[in-house]
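First the structure, in the form of structure tokens, and then the observations on it.
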Amino acid sequence: MADLPSHEVTVDAQFGNSRFTINRLMGTEDSSRYRFGTPELGAADTWDTNSSSQTNTFGYNTLDAVPQYDHYANTMVKGVNRCHRPSLAQLHTFIYEPDGFQPPKMYDAADDAEGGEAVKEGEEGESADKPPGEPVRFGWVKGVMIRCMLNIWGVILYLRLPWITGQAGIGLTWVIVLLSSSITGITGLSTSAIATNGKVKGGGTYFLISRSLGPELGGSIGLIFAFANAVAVAMHTVGFAETVRDLLREYDSTIVDPTNDIRIIGVITVTILLGISLAGMEWEAKAQVLFFFVIMISFVNYIVGTIIPATPEKQSKGFFSYQAGIFSENFVPDWRGPDGSFFGMFSIFFPSATGILAGANISGDLRDPAVAIPRGTMLAIFWTTISYLVISATIGSCVLRDASGNINDTIEMPPIGCEGLDCSYGWNFTECAKNHNCQHGLLNYYQTMSMVSGFAPLITAGIFGATLSSALACLVSAPKVFQCLCKDNLYPLIGFFGKGYGKNDEPIRGYMLTYVIAVGFILIAELNTIAPIISNFFLCSYALINFSCFHASITNSPGWRPSFKYYSKWASLLGAIISVVIMFLLTWWAALIAIGIVIFLLGYVLYTRPAINWGSSVQASSYNRALSCSVGLNEVDDHIKNYRPQCLVLTGAPGFRPAMVDLVGTFTKNLSLMACGNVIIGPRKQKMPEVSRADRHVKWLNKRKSKSFYTGIVADDLRSGVQILMQASGLGRMKPNVLVMGFKNNWKSDNPSNVENYIGIIHDAFDFNYGICLLRMKEGLDISRTMQAHVNPGFEAGDDSHGNGSVAAYTVNGTLDPEALVAEQQTTTVFQSQQGKKTIDIYWLFDDGGLTLLIPYLLTRKKRWRNCKVRVFVAGQLNRMDEERKAFIALLSKFRLGFNDVQVLPDINQRPQPENVKRFEDLLSPYKLSDDFKDETKINELKKDFPWKISAEEIQKNMPKSLRQVRLNEILLDYSRDAALIVMTMPIGRRSECPSSLYMAWLETLSQNLRPPVMLIRGNQESVLTFYCQ
């Protein structure tokens, strides 16, 4: 812990929690800005606390803060300032000095952007705005279990379960129910695991999937799930409208006709439900509780009705109370009609089991989602499954499949000409059964439960309660999910619907959109048509929820720590697979449409790449794969066929030298490693803040779409820093093997010791077995001075106190920070444009292993350079030009590079022009030793202190090589004046025989006065090309 000076300050008990004291680490005027586990005091400017509390706890005073909830929370309450733990720098480094460096603020007014406001002086901690009213929050019973049960007990329970039992029989109906419950049960377990792996906010299913699998899949399924809930509103409303229509028909009353009656009643009903929803969650919850009690009363009424002996009227409609014969006959299936199949019945029944997410969908309105969602969801699945099984078994044991409803169809025993089980009960329904025109029975009368019950109006009330409660739950769920999706801004043109109103942040615009969609599907007016439409959408959602749980578990991420332990990753995977299989078995074309929509929305988010990070399991999986593959590379030796130029690029701040980033990024993108190295020169303590700003450079690279790593280090000088980078960069086999540098344009005016270090870096690279790539451009590479020129150097950060702070963001301690300036701007370079039909001229003068050929070849594989013609220039003799040309063409053809234009340079050994030789000599003149130094001993002593000095002997010894560089420059000017890029084998100077100034003069002479960019490349003399297949 960080010990403090004895100067002690106290904090009032109402603010300080009476747990610790804080000593005066900073001046009085700044004390209120620094908050270590205590609220800010505003204008008081003093810390008041029980001074003995911290001492009693730890035995001494300390700046360390004890653990608190606020230290880990991301949300803020309006009008309440958050506590922050002290930073490592404040505990470890910063000590207050009156005129020295001030530590960063622990609290800043910018933190209040999400809901709080900075405390003003004189208000003593009171917020300028009163916090809004407390929103309505629900527990697990009212918020999840009842809501899920009501949504599951929908229209299918009352209007279709008896019909499904008649079609599939009791046995297969139980299979359908249990299969549906298995899928929803596994999904419920997966949902519970995800919901307890961190604090859940509003957004329900979309929030769970997107925060687990990421925005790509989460966004697509969120949009689909919100749409499916909107369609489900129509399904339940149509079920209600069917019941009302049937009641009207019993009394020979219609509005227009049967179909339009459903439409009229449905539109009126959904409008009323919209009004309840707009009244607020509190009124909606009260309505749900009322519906729940109505449904429970209807269940009791139905069970009582099955026990009461059947009246002749009910017998004529096929009801005979519990009969073993009826049970045995109805136990087996009797498929009829176009939907008469197992999966046809499953597709109609399954939507009734899809209400399990009704509670999770209002996660933002739950008091404790981590407790409420698992407990309420799983109990709702259990009790509703029991109810479905009981109703299916009881109604299948009491009611025949076919009945005429005619009270006169009784017969006397023994029956004559009567067929079927009804004959044994004294009724003859044979005629209508054979003609398939019976009006009653399980297969013909949707209102069978009303007929069986003790008091039919209670069943009607139950139907009203089930359908309206399910419709109301979906009408609330769809906007809540869609609102969260809108606020994340994953898709364009939908943000309008994300605005919330009132203390519960009600998505009124989302309600209106859901209403419009529901009305559109209500106009279909056919329940059996609407139900299969949403089955695939719900199954797709369930598949992704289960896969989210499986994926998060299989990645072994330390962040996957759900408090709900009763789940299995393999069960989740099975649930995901079953969901997808059932999608295709139900309606294969609808499954393809659903998956197609998911893929389209997924592709859109992958293309736009929104700047959000939710710590998804996809990120964890990517890390696992990268780690596994990196370790796996160590198990196999390198092979020439798999050689890749892995580049360490000395860019400094990448934004300073964008041309280097663009050129190297072109031939390494999706192919090999690229790492931008930045050596920050200076004292480590002083320069560490610059290293900590690495994220700024990574964002710049990402914005430029450059697939590169960034590494920044602090060193005493450039050479030692580059040595560290070359030795420490990379991971296993993914380690740089080519050092890319910019040409030192200012070498003639710079301190000779810096030139010595620059050339020393080249020698160090060869020592570390690196290849070298030196890039020179006529206009230079470093654009930092140009970028700074766009800002008035006299501008002060304080002048922008009322502006947007755009320039102030580029200042540090009142001075311009060029890295911050460049990091925000993207400069266009020549390497970002199409190169057209220019040439890439390769001067392969010395065999370096093939790197001089390989890099231009990789460039030509990219779209911008594809149309460039590659010319290869080689040295040769005048009398053997054709032979040498053919030999080189044959060699290049074996490498399969596609380079066919080979030109032999016979005049490479001619003496250069005198004026060019004179210019080279002028370059060396400042570094020559005077003629007075002829004694070798004196020369050696002098060169110990001035190693860049050149003796006459060294000049004479290296004269042939020097003249060759002058001559090569003349050749480049003659042949490659209009090339898009010049690539040449870089000369090597022996460390002990070629002083740095001479070597630098060679590089200068070789590449001077050339308009095209010049790359001087030298491999490490190991082959990187092969013409063998193994």
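By order in the structure tokens, chains are A, B, ...; within a chain, residues start at 1; ligands start at 1, following the order shown.
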| task | Can you list, as a PyMOL selection string, all residues belonging to segment 613-735 of chain A that DSSP tags as strand (DSSP E or B)? | result | chain A and resi 647-650+674-681+709-715+731+734
| Secondary structure check, helix (DSSP H, G or I) residues of segment 521-623 of chain A, as a PyMOL selection string | chain A and resi 521-522+527-554+569-586+588-608+617-623
| message | Applying 10 Å and only C-alpha atoms, which residues near Ile308 of chain A remain after dropping the ones on its own chain fewer than 5 positions away? List them as a PyMOL selection string. | response | chain A and resi 303+320-322+452-454
| field | All residues 10 Å or closer to Asn940 of chain A, only C-alpha atoms, same chain fewer than 6 positions away omitted, as a count of residues only | value | 3
| said: What's around segment 456-460 of chain A at 8 Å? Count only C-alpha atoms, leave out sequence neighbours fewer than 2 positions away in its own chain, and write the answer as a list in words. | reply: Thr243, Val294, Ile297, Ser298, Phe299, Asn301, Tyr302, Met449, Ser450, Met451, Val452, Ser453, Gly454, Gly462, Ile463 and Phe464 of chain A
Output file for the residues above (N, CA, C and O atoms, as a tab-separated table (two decimals), in the first residue's frame):
chain	number	residue	atom	x	y	z
A	243	THR	N	-62.29	-16.43	-31.13
A	243	THR	CA	-63.21	-16.78	-30.04
A	243	THR	C	-64.43	-15.85	-30.03
A	243	THR	O	-65.58	-16.31	-29.90
A	294	VAL	N	-57.63	-15.15	-13.84
A	294	VAL	CA	-58.73	-15.60	-14.70
A	294	VAL	C	-58.40	-16.95	-15.32
A	294	VAL	O	-59.25	-17.86	-15.39
A	297	ILE	N	-58.63	-19.80	-12.75
A	297	ILE	CA	-60.04	-20.15	-12.49
A	297	ILE	C	-60.60	-20.98	-13.65
A	297	ILE	O	-61.34	-21.95	-13.44
A	298	SER	N	-60.21	-20.64	-14.87
A	298	SER	CA	-60.70	-21.41	-16.02
A	298	SER	C	-60.16	-22.83	-16.01
A	298	SER	O	-60.85	-23.77	-16.42
A	299	PHE	N	-58.91	-23.01	-15.54
A	299	PHE	CA	-58.36	-24.37	-15.44
A	299	PHE	C	-59.15	-25.21	-14.45
A	299	PHE	O	-59.48	-26.37	-14.70
A	301	ASN	N	-62.15	-24.74	-13.54
A	301	ASN	CA	-63.47	-24.96	-14.15
A	301	ASN	C	-63.42	-26.09	-15.16
A	301	ASN	O	-64.34	-26.92	-15.25
A	302	TYR	N	-62.35	-26.18	-15.93
A	302	TYR	CA	-62.22	-27.25	-16.93
A	302	TYR	C	-62.08	-28.61	-16.25
A	302	TYR	O	-62.76	-29.59	-16.64
A	449	MET	N	-62.80	-27.28	-25.28
A	449	MET	CA	-62.61	-27.07	-23.84
A	449	MET	C	-63.78	-26.32	-23.23
A	449	MET	O	-64.16	-26.59	-22.08
A	450	SER	N	-64.37	-25.41	-23.96
A	450	SER	CA	-65.54	-24.69	-23.44
A	450	SER	C	-66.71	-25.64	-23.27
A	450	SER	O	-67.46	-25.57	-22.28
A	451	MET	N	-66.87	-26.56	-24.23
A	451	MET	CA	-67.97	-27.51	-24.16
A	451	MET	C	-67.79	-28.47	-22.99
A	451	MET	O	-68.76	-28.83	-22.31
A	452	VAL	N	-66.54	-28.87	-22.70
A	452	VAL	CA	-66.29	-29.83	-21.63
A	452	VAL	C	-66.43	-29.19	-20.26
A	452	VAL	O	-66.84	-29.84	-19.29
A	453	SER	N	-66.10	-27.95	-20.12
A	453	SER	CA	-65.99	-27.30	-18.81
A	453	SER	C	-67.33	-27.28	-18.08
A	453	SER	O	-68.39	-27.47	-18.67
A	454	GLY	N	-67.23	-27.01	-16.78
A	454	GLY	CA	-68.44	-26.93	-15.97
A	454	GLY	C	-69.26	-25.70	-16.29
A	454	GLY	O	-70.49	-25.73	-16.24
A	462	GLY	N	-61.07	-17.49	-19.85
A	462	GLY	CA	-59.69	-17.97	-19.86
A	462	GLY	C	-59.04	-17.76	-21.21
A	462	GLY	O	-57.84	-17.42	-21.29
A	463	ILE	N	-59.81	-18.03	-22.28
A	463	ILE	CA	-59.26	-17.79	-23.62
A	463	ILE	C	-58.93	-16.32	-23.80
A	463	ILE	O	-57.86	-15.96	-24.31
A	464	PHE	N	-59.85	-15.47	-23.34
A	464	PHE	CA	-59.59	-14.03	-23.43
A	464	PHE	C	-58.33	-13.66	-22.63
A	464	PHE	O	-57.47	-12.91	-23.10
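Those residues that approach segment 890-906 of chain A to within 7 Å, counting only C-alpha atoms, are A:Tyr857, A:Val870, A:Arg871, A:Val872, A:Phe873, A:Val874, A:Ala875, A:Gly876, A:Gln877, A:Leu878, A:Met881, A:Arg885, A:Lys886, A:Ala887, A:Leu1025, A:Thr1026, A:Phe1027; same-chain residues fewer than 3 positions away are not listed.
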Create the file for the chosen residues now, containing all heavy atoms and written as a compact mmCIF listing (two decimals), in the first residue's frame.
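The resulting file, result_34.txt, is reproduced below:
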# COMPACT_ATOMS: atom_id res chain seq x y z
N TYR A 857 7.01 -9.11 -56.27
CA TYR A 857 6.02 -10.09 -56.71
C TYR A 857 4.76 -10.02 -55.84
O TYR A 857 3.63 -10.05 -56.34
CB TYR A 857 6.61 -11.49 -56.67
CG TYR A 857 5.56 -12.57 -56.79
CD1 TYR A 857 4.92 -12.82 -57.99
CD2 TYR A 857 5.20 -13.33 -55.68
CE1 TYR A 857 3.94 -13.80 -58.09
CE2 TYR A 857 4.23 -14.31 -55.76
CZ TYR A 857 3.60 -14.54 -56.98
OH TYR A 857 2.64 -15.50 -57.08
N VAL A 870 6.43 -5.52 -64.74
CA VAL A 870 7.65 -5.73 -63.97
C VAL A 870 8.82 -5.92 -64.91
O VAL A 870 8.79 -6.78 -65.81
CB VAL A 870 7.52 -6.94 -63.02
CG1 VAL A 870 8.81 -7.16 -62.26
CG2 VAL A 870 6.34 -6.74 -62.06
N ARG A 871 9.85 -5.11 -64.71
CA ARG A 871 11.08 -5.24 -65.50
C ARG A 871 12.21 -5.60 -64.54
O ARG A 871 12.38 -4.98 -63.50
CB ARG A 871 11.41 -3.94 -66.23
CG ARG A 871 10.32 -3.50 -67.21
CD ARG A 871 10.79 -2.32 -68.06
NE ARG A 871 11.11 -1.15 -67.25
CZ ARG A 871 11.59 -0.02 -67.76
NH1 ARG A 871 11.80 0.08 -69.08
NH2 ARG A 871 11.86 1.02 -66.97
N VAL A 872 12.99 -6.61 -64.95
CA VAL A 872 14.11 -7.06 -64.13
C VAL A 872 15.39 -6.68 -64.85
O VAL A 872 15.62 -7.08 -66.00
CB VAL A 872 14.05 -8.58 -63.89
CG1 VAL A 872 15.23 -9.02 -63.03
CG2 VAL A 872 12.73 -8.96 -63.22
N PHE A 873 16.25 -5.93 -64.18
CA PHE A 873 17.54 -5.51 -64.73
C PHE A 873 18.64 -6.29 -64.01
O PHE A 873 18.66 -6.35 -62.77
CB PHE A 873 17.75 -4.00 -64.53
CG PHE A 873 16.77 -3.15 -65.29
CD1 PHE A 873 15.54 -2.82 -64.74
CD2 PHE A 873 17.08 -2.68 -66.56
CE1 PHE A 873 14.64 -2.03 -65.42
CE2 PHE A 873 16.18 -1.88 -67.25
CZ PHE A 873 14.96 -1.57 -66.69
N VAL A 874 19.54 -6.84 -64.78
CA VAL A 874 20.66 -7.61 -64.23
C VAL A 874 21.95 -7.13 -64.88
O VAL A 874 21.95 -6.57 -65.99
CB VAL A 874 20.48 -9.12 -64.47
CG1 VAL A 874 19.27 -9.64 -63.72
CG2 VAL A 874 20.37 -9.43 -65.95
N ALA A 875 23.04 -7.34 -64.19
CA ALA A 875 24.34 -6.94 -64.72
C ALA A 875 24.85 -8.03 -65.67
O ALA A 875 24.58 -9.23 -65.48
CB ALA A 875 25.32 -6.72 -63.58
N GLY A 876 25.58 -7.61 -66.70
CA GLY A 876 26.11 -8.57 -67.67
C GLY A 876 27.22 -7.97 -68.50
O GLY A 876 27.60 -6.80 -68.34
N GLN A 877 27.73 -8.81 -69.37
CA GLN A 877 28.81 -8.38 -70.25
C GLN A 877 28.25 -8.14 -71.66
O GLN A 877 27.33 -8.83 -72.10
CB GLN A 877 29.91 -9.43 -70.31
CG GLN A 877 30.53 -9.71 -68.93
CD GLN A 877 31.57 -10.81 -68.99
OE1 GLN A 877 32.10 -11.12 -70.07
NE2 GLN A 877 31.87 -11.39 -67.85
N LEU A 878 28.85 -7.19 -72.33
CA LEU A 878 28.34 -6.79 -73.64
C LEU A 878 28.39 -7.92 -74.65
O LEU A 878 27.47 -8.10 -75.45
CB LEU A 878 29.16 -5.59 -74.16
CG LEU A 878 28.71 -5.01 -75.49
CD1 LEU A 878 27.27 -4.50 -75.40
CD2 LEU A 878 29.64 -3.88 -75.92
N MET A 881 25.41 -10.79 -73.82
CA MET A 881 24.11 -10.28 -73.38
C MET A 881 22.98 -11.27 -73.62
O MET A 881 22.17 -11.55 -72.72
CB MET A 881 23.79 -8.96 -74.10
CG MET A 881 24.58 -7.77 -73.59
SD MET A 881 24.11 -6.24 -74.42
CE MET A 881 22.36 -6.17 -74.08
N ARG A 885 20.87 -13.12 -70.70
CA ARG A 885 19.44 -12.82 -70.63
C ARG A 885 18.62 -14.10 -70.61
O ARG A 885 17.68 -14.26 -69.82
CB ARG A 885 19.03 -11.93 -71.79
CG ARG A 885 17.57 -11.51 -71.79
CD ARG A 885 17.28 -10.52 -72.91
NE ARG A 885 15.87 -10.12 -72.89
CZ ARG A 885 14.89 -10.82 -73.45
NH1 ARG A 885 15.18 -11.96 -74.10
NH2 ARG A 885 13.64 -10.41 -73.38
N LYS A 886 18.95 -15.04 -71.51
CA LYS A 886 18.23 -16.31 -71.55
C LYS A 886 18.41 -17.09 -70.25
O LYS A 886 17.47 -17.73 -69.76
CB LYS A 886 18.71 -17.14 -72.74
CG LYS A 886 18.31 -16.57 -74.09
CD LYS A 886 18.86 -17.42 -75.22
CE LYS A 886 18.48 -16.83 -76.59
NZ LYS A 886 19.03 -17.64 -77.70
N ALA A 887 19.60 -17.02 -69.69
CA ALA A 887 19.86 -17.74 -68.45
C ALA A 887 19.01 -17.18 -67.31
O ALA A 887 18.44 -17.93 -66.50
CB ALA A 887 21.34 -17.66 -68.09
N LEU A 1025 13.20 -18.17 -52.10
CA LEU A 1025 12.53 -18.69 -53.28
C LEU A 1025 13.08 -20.07 -53.59
O LEU A 1025 14.26 -20.35 -53.37
CB LEU A 1025 12.75 -17.77 -54.49
CG LEU A 1025 12.19 -16.35 -54.41
CD1 LEU A 1025 12.64 -15.55 -55.62
CD2 LEU A 1025 10.67 -16.36 -54.33
N THR A 1026 12.23 -20.93 -54.10
CA THR A 1026 12.67 -22.26 -54.50
C THR A 1026 11.86 -22.71 -55.70
O THR A 1026 10.72 -22.29 -55.90
CB THR A 1026 12.49 -23.28 -53.35
OG1 THR A 1026 12.94 -24.56 -53.79
CG2 THR A 1026 11.03 -23.39 -52.93
N PHE A 1027 12.49 -23.54 -56.55
CA PHE A 1027 11.73 -24.09 -57.67
C PHE A 1027 11.46 -25.57 -57.47
O PHE A 1027 11.07 -26.27 -58.38
CB PHE A 1027 12.45 -23.86 -59.01
CG PHE A 1027 13.94 -24.00 -58.96
CD1 PHE A 1027 14.54 -25.25 -58.89
CD2 PHE A 1027 14.74 -22.87 -58.99
CE1 PHE A 1027 15.92 -25.37 -58.88
CE2 PHE A 1027 16.13 -22.98 -58.96
CZ PHE A 1027 16.72 -24.23 -58.91
| Residues within 10 Å of Ile494 of chain A, only C-alpha atoms, excluding chain neighbours under 3 positions, as a ChimeraX atom specification | /A:482-483,485-487,489-491,497-498,510
May I have the selected residues written with C-alpha atoms, as a PDB file, in the first residue's frame?
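Result file follows (result.pdb):
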ATOM      1  CA  PHE A 482     -35.884  -3.304 -30.470  1.00  0.00           C
ATOM      2  CA  GLN A 483     -35.104  -0.244 -28.336  1.00  0.00           C
ATOM      3  CA  LEU A 485     -30.925  -2.686 -30.643  1.00  0.00           C
ATOM      4  CA  CYS A 486     -31.636   0.866 -31.811  1.00  0.00           C
ATOM      5  CA  LYS A 487     -29.502   2.396 -29.070  1.00  0.00           C
ATOM      6  CA  ASN A 489     -26.635   1.852 -33.615  1.00  0.00           C
ATOM      7  CA  LEU A 490     -25.743  -1.358 -35.423  1.00  0.00           C
ATOM      8  CA  TYR A 491     -28.070  -0.658 -38.336  1.00  0.00           C
ATOM      9  CA  PHE A 497     -37.274   4.172 -32.602  1.00  0.00           C
ATOM     10  CA  GLY A 498     -34.792   3.908 -29.711  1.00  0.00           C
ATOM     11  CA  GLY A 510     -41.242   1.210 -30.819  1.00  0.00           C
TER      12      GLY A 510
END
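In this comparison, which uses only C-alpha atoms, the residue of A:Leu718, A:Leu858, A:Leu606, A:Ile1017 approaching Tyr770 of chain A most closely is A:Ile1017.
Of note, atom CA of Val231 of chain A and atom CA of Arg375 of chain A are spaced 27.4 Å apart.
Closest approach to Gly396 of chain A among A:Ala353, A:Phe550, A:Val332, A:Gly166: A:Gly166, based on only C-alpha atoms.
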| message | So the first atom is atom CA of Trp383 of chain A and the second is atom CA of Ser212 of chain A; what is the distance between them in Å, to one decimal place? | response | 28.8 Å
| Atom-to-atom span, atom CA of Thr385 of chain A and atom CA of Gly325 of chain A, Å | 25.5 Å
